[in-house]
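Colleague: The structure is given below, and queries will be raised subsequently.
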Amino acid sequence: MARDITSAVKTAAEQTRISTCHLLTVYLDAQTIYWCDYTRPVIFDGNTYSPAGQLLGFEGLEETSDVVVNSVTVSLSAVDTNATSLILSNYYLDRRLTVHRAFFDVNDALIPDPIIIFDGRMNKPSLVENPEDGSAVLSVEASNQFADFERKPGRHTSNDEQQIHFPGDKGFEYATEIDQTLTWGK
């Protein structure tokens with residue numbers, strides 16, 4: 001995938017020693033969470049990304065030039081209940097999650113303009129606990145903007161969907177038995 005990479009990032013990439021990290025931004029209604037997988041806090045775009053020991057890793061960070069649904073799974077240690085409660089106590093479904101790749105020069109200074117490598121919406125959380133070793137892992141999957149590409153927008157006129165919004169309502173009980181196409185406004 002073609003990128004607009006700054007000359008400072010190009011120069012850093014050509015060095016014999018290069019340091020990188022991921023900057024994870026989780027946008028929730030109540031707050032925005034900034035975590036990184038570096039050894040110290042990283043300041044980018046006026047925000048401080050905390051070195052999250054609970055940030056275990058990413059799966060699925062792949063790029064392609066094809067128009068496909070890309071997804072990434074972010075794994076967090078759920079032993080730290082603060083991290084777990086930040087995610088699970090907020091409404092996180094369909095909230096934005098971004099991952100940047102940051103580069104550092106030989107003096108360990110952040111090179112401006114980290115590269116965005118994923119931008120998507122969160123879905124499919126899972127919490128796996130292992131009582132034998134006392135570990136717990138919270139995983140959150142996020143998909144890019146093409147995840148809903150084939151989904152039909154709006155409400156559907158089915159009894160099942162009507163019951164979600166208005167339990168007990170019988171307005172769509174026989175909707176599937178109508179054979180004709182109804183044209184509204186004529």
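As shown in the structure tokens, the chain order sets the letters A, B, ...; within each chain, residues go from 1, and ligands are also counted from 1 in the order they appear.
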Could you produce a table of the residues of range 71-106 of chain A lying within 12 Å of range 4-22 of chain A, with the nearest pair of atoms per residue and their separation in Å rounded to one decimal, using only C-alpha atoms, ordered by chain and increasing residue number, as CSV?
Modeller:
residue,atom,partner,partner_atom,distance
A:Val74,CA,A:His22,CA,11.3
A:Thr98,CA,A:His22,CA,9.9
A:Val99,CA,A:His22,CA,6.4
A:His100,CA,A:His22,CA,5.6
A:Arg101,CA,A:His22,CA,4.8
A:Ala102,CA,A:Cys21,CA,5.3
A:Phe103,CA,A:Thr20,CA,4.5
A:Phe104,CA,A:Ser19,CA,5.3
A:Asp105,CA,A:Ala12,CA,6.1
A:Val106,CA,A:Arg17,CA,7.2
Colleague: Residues of the last selection are to be written out with N, CA and C atoms, as a PDB file, in the first residue's frame.
Modeller:
ATOM      1  N   VAL A  74      -6.854  -7.227  19.350  1.00  0.00           N
ATOM      2  CA  VAL A  74      -5.982  -6.650  20.368  1.00  0.00           C
ATOM      3  C   VAL A  74      -6.147  -7.477  21.626  1.00  0.00           C
ATOM      4  N   THR A  98      -7.699   2.650  16.701  1.00  0.00           N
ATOM      5  CA  THR A  98      -6.627   2.866  15.721  1.00  0.00           C
ATOM      6  C   THR A  98      -5.311   2.325  16.259  1.00  0.00           C
ATOM      7  N   VAL A  99      -4.454   1.902  15.337  1.00  0.00           N
ATOM      8  CA  VAL A  99      -3.109   1.454  15.672  1.00  0.00           C
ATOM      9  C   VAL A  99      -2.141   2.196  14.758  1.00  0.00           C
ATOM     10  N   HIS A 100      -1.180   2.879  15.365  1.00  0.00           N
ATOM     11  CA  HIS A 100      -0.111   3.563  14.631  1.00  0.00           C
ATOM     12  C   HIS A 100       1.204   2.833  14.873  1.00  0.00           C
ATOM     13  N   ARG A 101       2.109   2.925  13.931  1.00  0.00           N
ATOM     14  CA  ARG A 101       3.481   2.448  14.137  1.00  0.00           C
ATOM     15  C   ARG A 101       4.340   3.683  14.289  1.00  0.00           C
ATOM     16  N   ALA A 102       5.011   3.767  15.432  1.00  0.00           N
ATOM     17  CA  ALA A 102       5.875   4.910  15.721  1.00  0.00           C
ATOM     18  C   ALA A 102       7.335   4.484  15.599  1.00  0.00           C
ATOM     19  N   PHE A 103       8.162   5.418  15.160  1.00  0.00           N
ATOM     20  CA  PHE A 103       9.593   5.173  15.001  1.00  0.00           C
ATOM     21  C   PHE A 103      10.372   6.129  15.904  1.00  0.00           C
ATOM     22  N   PHE A 104      11.513   5.654  16.389  1.00  0.00           N
ATOM     23  CA  PHE A 104      12.360   6.451  17.268  1.00  0.00           C
ATOM     24  C   PHE A 104      13.761   6.535  16.674  1.00  0.00           C
ATOM     25  N   ASP A 105      14.395   7.697  16.834  1.00  0.00           N
ATOM     26  CA  ASP A 105      15.748   7.858  16.318  1.00  0.00           C
ATOM     27  C   ASP A 105      16.754   7.249  17.301  1.00  0.00           C
ATOM     28  N   VAL A 106      18.056   7.381  16.995  1.00  0.00           N
ATOM     29  CA  VAL A 106      19.099   6.777  17.825  1.00  0.00           C
ATOM     30  C   VAL A 106      19.138   7.381  19.228  1.00  0.00           C
TER      31      VAL A 106
END
Colleague: Quick one: residues within 8 Å of Gln162 in chain A, only C-alpha atoms counted, chain neighbours fewer than 5 positions away excluded, as a ChimeraX atom specification?
Modeller: /A:157,167,169,171-172
Colleague: Would you put the residues from that selection into a file with N, CA and C atoms, as a compact mmCIF listing (two decimals), in the first residue's frame?
Modeller:
# COMPACT_ATOMS: atom_id res chain seq x y z
N THR A 157 -38.30 -5.08 8.23
CA THR A 157 -39.69 -5.27 8.64
C THR A 157 -39.96 -6.75 8.89
N PRO A 167 -41.08 -5.17 22.47
CA PRO A 167 -41.51 -6.52 22.89
C PRO A 167 -43.03 -6.59 23.09
N ASP A 169 -45.31 -6.37 20.79
CA ASP A 169 -46.06 -5.75 19.70
C ASP A 169 -46.34 -6.79 18.62
N GLY A 171 -47.54 -5.96 15.50
CA GLY A 171 -47.69 -5.25 14.23
C GLY A 171 -47.07 -5.95 13.04
N PHE A 172 -46.00 -6.71 13.25
CA PHE A 172 -45.33 -7.40 12.14
C PHE A 172 -45.49 -8.91 12.22
Colleague: Have a look at CA of Arg40 in chain A and CA of Ala136 in chain A and let me know their distance in Å, one decimal.
Modeller: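 Spanning CA of Arg40 in chain A to CA of Ala136 in chain A is a straight-line distance of 23.8 Å.
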Colleague: Can you work out the spacing between CA of Val26 in chain A and CA of Ile111 in chain A in Å, to one decimal?
Modeller: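 Answer for the CA of Val26 in chain A to CA of Ile111 in chain A separation: 22.0 Å.
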Colleague: Using only C-alpha atoms, find the one residue out of A:Ala175, A:Ile116, A:Leu55, A:Leu86 that sits nearest to Thr39 in chain A.
Modeller: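 Result for the nearest residue to Thr39 in chain A: A:Leu55.
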